[in-house]
Amino acid sequence: QAEAERAKAHHEAVTCDGRVVEVAANIGSSEEARQAHANGADGVGLMRSEFLFLGRDQAPREAQQLAEYQATIDALGAKPLVIRTLDIGADKQLSYVSLPSAPNPAMGIRGTRLWQSNPELLDTQLRALLGVKPLRHLRIMVPMISDVSELEWVRERMEVTAAEMHLTELPLLGAMIEVPSAALCAGSLSRAADFLSIGTNDLTQYGLAMDREDPLLAARADVLHPGILRLIQAALQGTAGRCPVAVCGAAAGDPLAGPLLVAMGVDELSVEPSRIAAVKARVRRLDSRIIASELERLLALPDAAAVRHELAPLVDAAL
Ligand code: PEP
Ligand code: MG
């Protein structure tokens, strides 16, 4: 069965009820891009660029960054590559960026807040990103967005950088939805963004106020909590089809959450490269209407355990 799945992995995944679902890969390097492409990924939905910045004593230079981004584009044929701008903070710290000590780094200076106090970090990365060829295969994604003004600030810096480089075409610019306020403000975000991607790992952490690094909370920090599902639903309803919405958190590759997310209306699942064939195979077997018709009932349940209990037989019936 695994062999049959692998053989079909290079084809588009369409559900039984006719929904095309992009199945993309989450990667951290050009090496993983090669693996994702070989496994049939429709593209890269999340390249975590921080892996280039960690474990060194100074920031990677523009040319070093460009070489890695270009190698990643080259590894994917003509498939789209979403690179996320540097997402540092909480567990991920850089020795060469001095930040005021934060009582709770997960809620401290990070994302746009970090670049506004260290603009050179973002500008160097943008110059490297805008140097790749062909630029139309690249998409730039901004993490930790909490409202539309942060995305507009990044877009302005991208446009200024592009003008300095005499570029006429610009890559698409998207926002991650991983902070509850962003999920609730998806309407305005979807007017300013070219695409959105829901980061369910952080959305669960910030939505439930449960630290994703805390092993004592791991079992309870569940994306299937009806409160988190309502945030995801709010993001999809707020977007109202104005731009594509992906999911790039671990929930995208989860056997229960993945089918539910498709039924809720997401356009793309971005998963670990090794999961591409299996996720595509499940999408092809899925009748998303069976889950969609029960959505309101699932979201009205009291807790994650109840959602899991009710969702499991529904997913079985829908596959
Ligand atoms: C997320 O938060 O869901 C996400 C995909 O980003 P990361 O896991 O890198 O924080
Ligand atoms: Mg995140």
# chains A, B, ... in the order shown; residues from 1 in each chain; ligands from 1
>>> closest_atom_pairs(of="region 157-229 of chain A", to="region 250-259 of chain A", cutoff="9 Å", atoms="only C-alpha atoms", output="JSON lines")
{"residue": "A:Gly199", "atom": "CA", "partner": "A:Ala250", "partner_atom": "CA", "distance": 8.2}
{"residue": "A:Thr200", "atom": "CA", "partner": "A:Ala251", "partner_atom": "CA", "distance": 6.4}
{"residue": "A:Asn201", "atom": "CA", "partner": "A:Ala250", "partner_atom": "CA", "distance": 6.5}
{"residue": "A:Val223", "atom": "CA", "partner": "A:Ala251", "partner_atom": "CA", "distance": 7.0}
{"residue": "A:Leu224", "atom": "CA", "partner": "A:Ala257", "partner_atom": "CA", "distance": 7.1}
>>> residues_near_ligand(ligand="ligand 1", cutoff="10 Å", atoms="only C-alpha atoms and all ligand atoms", output="number ranges by chain")
A: 26, 28, 45-50, 84, 86-92, 143-144, 176-179, 197-206, 212, 247-252, 270-271
>>> write_last_selection(atoms="N, CA and C atoms", output="short mmCIF file (atom, residue, chain, number, x, y, z; two decimals), in the first residue's frame")
data_model
loop_
_atom_site.label_atom_id
_atom_site.label_comp_id
_atom_site.auth_asym_id
_atom_site.auth_seq_id
_atom_site.Cartn_x
_atom_site.Cartn_y
_atom_site.Cartn_z
N ASN A 26 6.97 21.12 4.95
CA ASN A 26 7.68 21.99 5.91
C ASN A 26 9.14 21.57 5.91
N GLY A 28 13.56 22.88 6.60
CA GLY A 28 14.46 23.80 7.27
C GLY A 28 15.74 24.04 6.49
N GLY A 45 5.45 24.70 1.84
CA GLY A 45 4.50 25.61 2.48
C GLY A 45 5.12 26.39 3.62
N LEU A 46 6.26 25.90 4.10
CA LEU A 46 6.96 26.59 5.20
C LEU A 46 8.42 26.19 5.19
N MET A 47 9.29 27.17 4.87
CA MET A 47 10.72 26.97 5.11
C MET A 47 11.06 27.81 6.33
N ARG A 48 11.48 27.14 7.41
CA ARG A 48 11.82 27.85 8.65
C ARG A 48 13.23 28.40 8.50
N SER A 49 13.34 29.68 8.15
CA SER A 49 14.66 30.22 7.83
C SER A 49 15.54 30.37 9.07
N GLU A 50 14.98 30.25 10.25
CA GLU A 50 15.82 30.46 11.45
C GLU A 50 16.94 29.43 11.58
N ARG A 84 9.71 31.61 5.34
CA ARG A 84 9.28 32.44 6.47
C ARG A 84 10.45 33.27 6.95
N LEU A 86 12.78 35.37 9.49
CA LEU A 86 13.34 34.94 10.77
C LEU A 86 12.32 34.98 11.93
N ASP A 87 12.10 33.83 12.54
CA ASP A 87 11.14 33.72 13.64
C ASP A 87 11.90 33.30 14.90
N ILE A 88 12.39 34.31 15.61
CA ILE A 88 13.24 34.06 16.77
C ILE A 88 12.50 34.52 18.01
N GLY A 89 12.80 33.89 19.13
CA GLY A 89 12.15 34.27 20.37
C GLY A 89 11.81 33.03 21.15
N ALA A 90 11.39 33.18 22.38
CA ALA A 90 11.07 32.05 23.26
C ALA A 90 12.25 31.09 23.32
N ASP A 91 12.07 29.86 22.82
CA ASP A 91 13.13 28.85 22.92
C ASP A 91 14.30 29.14 21.97
N LYS A 92 14.07 29.95 20.90
CA LYS A 92 15.11 30.16 19.89
C LYS A 92 15.77 31.52 20.09
N PRO A 143 5.96 35.65 10.22
CA PRO A 143 5.43 34.97 11.41
C PRO A 143 4.89 35.95 12.45
N MET A 144 4.17 35.42 13.42
CA MET A 144 3.79 36.14 14.63
C MET A 144 3.04 37.45 14.38
N MET A 176 1.36 34.65 8.69
CA MET A 176 0.98 33.49 9.49
C MET A 176 -0.12 33.91 10.45
N ILE A 177 -1.05 32.96 10.64
CA ILE A 177 -2.10 33.15 11.64
C ILE A 177 -1.75 32.20 12.77
N GLU A 178 -1.09 32.72 13.78
CA GLU A 178 -0.68 31.86 14.90
C GLU A 178 -0.86 32.57 16.23
N VAL A 179 -1.48 33.73 16.18
CA VAL A 179 -1.80 34.51 17.37
C VAL A 179 -3.32 34.69 17.33
N SER A 197 -1.36 31.51 6.27
CA SER A 197 -1.04 30.15 6.68
C SER A 197 -1.20 30.04 8.19
N ILE A 198 -2.03 29.11 8.60
CA ILE A 198 -2.34 28.97 10.03
C ILE A 198 -1.27 28.11 10.69
N GLY A 199 -0.59 28.68 11.67
CA GLY A 199 0.42 27.95 12.45
C GLY A 199 -0.27 27.42 13.70
N THR A 200 -0.73 26.18 13.59
CA THR A 200 -1.54 25.66 14.70
C THR A 200 -0.73 25.38 15.95
N ASN A 201 0.59 25.24 15.82
CA ASN A 201 1.40 24.99 17.02
C ASN A 201 1.33 26.19 17.96
N ASP A 202 1.60 27.36 17.41
CA ASP A 202 1.54 28.56 18.25
C ASP A 202 0.11 29.00 18.52
N LEU A 203 -0.78 28.81 17.55
CA LEU A 203 -2.18 29.20 17.79
C LEU A 203 -2.74 28.43 19.00
N THR A 204 -2.35 27.16 19.11
CA THR A 204 -2.80 26.35 20.25
C THR A 204 -2.15 26.87 21.54
N GLN A 205 -0.86 27.15 21.48
CA GLN A 205 -0.16 27.66 22.66
C GLN A 205 -0.78 28.97 23.17
N TYR A 206 -0.97 29.92 22.23
CA TYR A 206 -1.45 31.23 22.66
C TYR A 206 -2.96 31.22 22.92
N ARG A 212 4.00 25.57 24.72
CA ARG A 212 4.23 24.38 23.87
C ARG A 212 5.50 23.64 24.25
N VAL A 247 -2.54 25.44 6.19
CA VAL A 247 -2.18 25.13 7.58
C VAL A 247 -0.78 24.53 7.55
N CYS A 248 0.13 25.10 8.33
CA CYS A 248 1.50 24.57 8.33
C CYS A 248 1.94 24.10 9.71
N GLY A 249 1.04 24.10 10.70
CA GLY A 249 1.38 23.53 12.01
C GLY A 249 1.27 22.02 11.95
N ALA A 250 1.65 21.35 13.05
CA ALA A 250 1.65 19.89 13.07
C ALA A 250 0.27 19.29 12.81
N ALA A 251 -0.79 20.05 13.10
CA ALA A 251 -2.15 19.54 12.90
C ALA A 251 -2.39 19.15 11.44
N ALA A 252 -1.70 19.82 10.50
CA ALA A 252 -1.92 19.54 9.08
C ALA A 252 -1.65 18.08 8.74
N SER A 270 0.49 21.72 4.86
CA SER A 270 1.94 21.65 4.72
C SER A 270 2.49 20.79 5.86
N VAL A 271 3.17 19.70 5.48
CA VAL A 271 3.50 18.64 6.44
C VAL A 271 4.98 18.25 6.30
#
>>> residues_around(residues="Ala36 (chain A)", least_positions_apart="6", cutoff="10 Å", atoms="only C-alpha atoms", output="ChimeraX atom specification")
/A:24-27,30,42-44,75-76,271-276
>>> closest_residue(among="A:Pro302, A:Thr85, A:Glu294, A:Arg282", to="ligand 2", atoms="only C-alpha atoms and all ligand atoms")
A:Thr85
>>> select_by_dssp(residues="region 164-196 of chain A", states="strand (DSSP E or B)", output="ChimeraX atom specification")
/A:172-177,195-196
>>> write_last_selection(atoms="C-alpha atoms", output="compact mmCIF listing (two decimals), in the first residue's frame")
# COMPACT_ATOMS: atom_id res chain seq x y z
CA LEU A 172 3.70 37.25 -2.96
CA LEU A 173 3.66 38.26 0.71
CA GLY A 174 1.70 36.28 3.28
CA ALA A 175 0.97 36.29 6.98
CA MET A 176 0.98 33.49 9.49
CA ILE A 177 -2.10 33.15 11.64
CA PHE A 195 -1.95 34.30 1.24
CA LEU A 196 -2.42 33.17 4.83
>>> select_by_dssp(residues="region 28-252 of chain A", states="helix (DSSP H, G or I)", output="VMD selection string")
chain A and resid 30 to 38 49 to 52 62 to 75 105 to 107 112 to 117 119 to 130 135 to 137 148 to 164 180 to 184 186 to 192 200 to 208 226 to 239 250 to 252
>>> closest_atom_pairs(of="region 170-273 of chain A", to="region 12-18 of chain A", cutoff="12 Å", atoms="only C-alpha atoms", output="tab-separated table")
residue	atom	partner	partner_atom	distance
A:Pro259	CA	A:Thr15	CA	10.0
A:Val262	CA	A:Thr15	CA	9.2
A:Ala263	CA	A:Thr15	CA	10.1
A:Asp267	CA	A:Val14	CA	10.9
A:Glu268	CA	A:Ala13	CA	10.2
A:Leu269	CA	A:Ala13	CA	10.8
>>> atom_distance(atom1="CA of Ala59 (chain A)", atom2="CA of Ala193 (chain A)")
27.8 Å
>>> residues_around(residues="region 120-125 of chain A", least_positions_apart="5", cutoff="9 Å", atoms="only C-alpha atoms", output="list in words")
Ala59, Arg61, Glu62, Gln65, Leu66, Thr85, Leu86, Leu114, Trp115, Leu130, Val154, Arg157, Met158 and Thr161 of chain A
>>> closest_residue(among="A:Met264, A:Leu151, A:Met141, A:Leu314", to="ligand 2", atoms="only C-alpha atoms and all ligand atoms")
A:Met141
>>> atom_distance(atom1="CA of Val245 (chain A)", atom2="CA of Arg289 (chain A)")
18.6 Å
>>> atom_distance(atom1="CA of Pro226 (chain A)", atom2="CA of Gly238 (chain A)")
17.7 Å
